[in-house]
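Notes for the one structure printed next.
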Amino acid sequence: MKKLFFTTVLLGAGIAFSTFSHAGEIADRVEKTKTLLVGTEGTYAPFTFHGKDSKLTGFDVEIIEKVAEKLGLKIEFKETAWDGMYAGLNAKRFDVIANQTNPSPERLKKYDYSAPYNYSAGVIVTKENNNSIKTFSDLKGKKSAQSATSNWSKDARDNGAIIVTVDSLAQNLEAVKQERVDATVNDKLAVLDYFKKQPNAGLKIAVESDKKIPTGFAFLKGEEELIAKVNKALEELRQDGTLKQLSIKWFGDDITQ
């Protein structure tokens with residue numbers, strides 16, 4: 001029988017709320033199977049990708065693995081293209097998304113998020129010789145390569161960009177390199193990782209947002225009990241230094257604060 005409980009849930013946007021709720025359907029299944037089904041891209045380095053040994057790895061992958069370890073759960077990863085990620089969560093193909101997802105106002109209407117485990121910022125990437133974009137408002141009328149359902153696509157569109165839809169960060173940046181578009185708006189951490197691997201790409205960060213963007217794990221609404229357990233595990237990982245260690249391992253800096 002489902003339990004009635006009182007808990008406080010911390011959302012990725014920094015919002016805290018307390019609620020009476022029944023344990024969710026997914027929490028019940030996780031409790032019975034001791035397995036967490038995790039949706040992730042597997043193509044978004046350095047967060048979730050396949051290394052030289054073809055094994056799935058990355059910052060987000062290692063954090064959700066540590067969370068599952070704290071909770072005494074096994075993990076089964078369900079690799080999914082980004083544009084189908086939330087549809088997969090809606091269809092309950094997996095229990096949680098671990099893929100650098102952040103709680104936009106639109107998403108918060110449909111989904112709940114764990115406490116943040118890292119922070120980043122949005123950037124505009126252009127060719128090195130392109131000096132026409134110096135602010136986000138300069139995107140007006142410019143072509144910007146974006147994944148269809150990402151928040152970055154919305155940021156570009158809200159600033160008047162003409163959206164050219166592609167499937168991945170690598171394709172976004174390739175479109176800029178080939179001058180098929182003027183720019184792309186994307187995550188600073190992912191872009192810096194790309195630059196580290198492609199130092200002669202001929203691209204630059206033209207603009208960086210001053211807004212700090214939190215990243216959390218995404219869940220269906222009604223799963224407050226599972227979220228509370230994940231938040232407890234994340235706080236333990238923060239207190240014992242694991243989050244900071246993983247951040248330094250992947251980025252050379254602490255991006256968890």
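Please note that chains go A, B, ... in the order of the structure tokens, that every chain numbers its residues from 1, and that ligands are numbered from 1 in the order shown.
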
Skipping near chain neighbours, those fewer than 5 positions away, what residues fall within 10 Å of A:Phe219 using only C-alpha atoms, listed as a tab-separated table (two decimals) with C-alpha atoms, in the first residue's frame?
```tsv
chain	number	residue	atom	x	y	z
A	26	ILE	CA	8.19	4.95	-9.95
A	86	TYR	CA	11.49	14.15	-21.92
A	89	LEU	CA	10.46	10.23	-19.18
A	90	ASN	CA	6.77	10.89	-19.89
A	92	LYS	CA	8.17	6.00	-18.10
A	94	PHE	CA	13.17	5.59	-17.43
A	95	ASP	CA	12.79	7.03	-13.93
A	96	VAL	CA	15.10	10.03	-14.10
A	97	ILE	CA	17.06	12.10	-16.60
A	98	ALA	CA	20.79	12.60	-15.91
A	110	LYS	CA	5.51	19.38	-15.89
A	111	TYR	CA	8.51	18.03	-13.98
A	112	ASP	CA	10.28	18.18	-10.63
A	113	TYR	CA	14.04	18.39	-10.15
A	114	SER	CA	16.59	17.30	-7.61
A	224	GLU	CA	8.61	13.46	-4.18
A	226	LEU	CA	12.29	9.38	-4.69
A	227	ILE	CA	13.50	12.96	-5.15
```

Practice item. Tell me, as JSON, numbers by chain, which residues lie within 7 Å of A:Val166, counting only C-alpha atoms; anything in the same chain fewer than 4 positions away does not count. Key: {"A": [145, 146, 147, 171, 172]}

Selected residues written out with N, CA, C and O atoms, as a PDB file, in the first residue's frame:
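Written output follows (selection21.pdb):
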```pdb
ATOM      1  N   ALA A 145      22.443  27.550 -34.894  1.00  0.00           N
ATOM      2  CA  ALA A 145      22.238  26.100 -34.901  1.00  0.00           C
ATOM      3  C   ALA A 145      21.894  25.642 -33.491  1.00  0.00           C
ATOM      4  O   ALA A 145      22.627  25.937 -32.539  1.00  0.00           O
ATOM      5  N   GLN A 146      20.786  24.913 -33.342  1.00  0.00           N
ATOM      6  CA  GLN A 146      20.314  24.507 -32.013  1.00  0.00           C
ATOM      7  C   GLN A 146      19.602  23.152 -32.073  1.00  0.00           C
ATOM      8  O   GLN A 146      18.971  22.823 -33.078  1.00  0.00           O
ATOM      9  N   SER A 147      19.701  22.401 -30.962  1.00  0.00           N
ATOM     10  CA  SER A 147      18.860  21.220 -30.797  1.00  0.00           C
ATOM     11  C   SER A 147      17.440  21.703 -30.527  1.00  0.00           C
ATOM     12  O   SER A 147      17.229  22.677 -29.796  1.00  0.00           O
ATOM     13  N   GLN A 171      27.266  18.840 -33.817  1.00  0.00           N
ATOM     14  CA  GLN A 171      26.684  19.299 -35.081  1.00  0.00           C
ATOM     15  C   GLN A 171      26.411  20.802 -35.049  1.00  0.00           C
ATOM     16  O   GLN A 171      26.551  21.487 -36.071  1.00  0.00           O
ATOM     17  N   ASN A 172      26.014  21.327 -33.870  1.00  0.00           N
ATOM     18  CA  ASN A 172      25.848  22.775 -33.725  1.00  0.00           C
ATOM     19  C   ASN A 172      27.146  23.494 -34.085  1.00  0.00           C
ATOM     20  O   ASN A 172      27.171  24.446 -34.877  1.00  0.00           O
TER      21      ASN A 172
END
```

Using only C-alpha atoms, determine which residues lie at most 8 Å from A:Ser209, disregarding the query and same-chain residues fewer than 6 positions distant; provide the list as a compact mmCIF listing (two decimals) with all heavy atoms, in the first residue's frame.
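selection_33.txt was written with the following content:
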```txt
# COMPACT_ATOMS: atom_id res chain seq x y z
N ALA A 121 26.73 28.33 -17.37
CA ALA A 121 26.19 29.55 -17.98
C ALA A 121 26.03 29.30 -19.47
O ALA A 121 26.66 28.41 -20.05
CB ALA A 121 27.14 30.72 -17.74
N GLY A 122 25.18 30.07 -20.10
CA GLY A 122 25.00 29.98 -21.54
C GLY A 122 26.03 30.84 -22.25
O GLY A 122 26.41 31.90 -21.76
N VAL A 123 26.50 30.37 -23.40
CA VAL A 123 27.45 31.14 -24.21
C VAL A 123 27.01 31.13 -25.66
O VAL A 123 26.31 30.21 -26.12
CB VAL A 123 28.89 30.58 -24.11
CG1 VAL A 123 29.43 30.73 -22.69
CG2 VAL A 123 28.96 29.13 -24.55
```

Practice item. Using DSSP on the backbone coordinates, identify all residues within stretch 13-99 of chain A classified as strand (DSSP E); present the result as JSON, numbers by chain. Key: {"A": [16, 17, 18, 19, 20, 21, 22, 35, 36, 37, 38, 39, 40, 43, 44, 48, 49, 50, 56, 57, 74, 75, 76, 77, 78, 79, 96, 97]}

Exercise for review: Using only C-alpha atoms, determine which residues lie at most 10 Å from stretch 237-243 of chain A, disregarding the query and same-chain residues fewer than 3 positions distant; provide the list as a PyMOL selection string.
Suggested key: chain A and resi 59+62-63+66-67+70+117-118+231-234+246-249+254-257
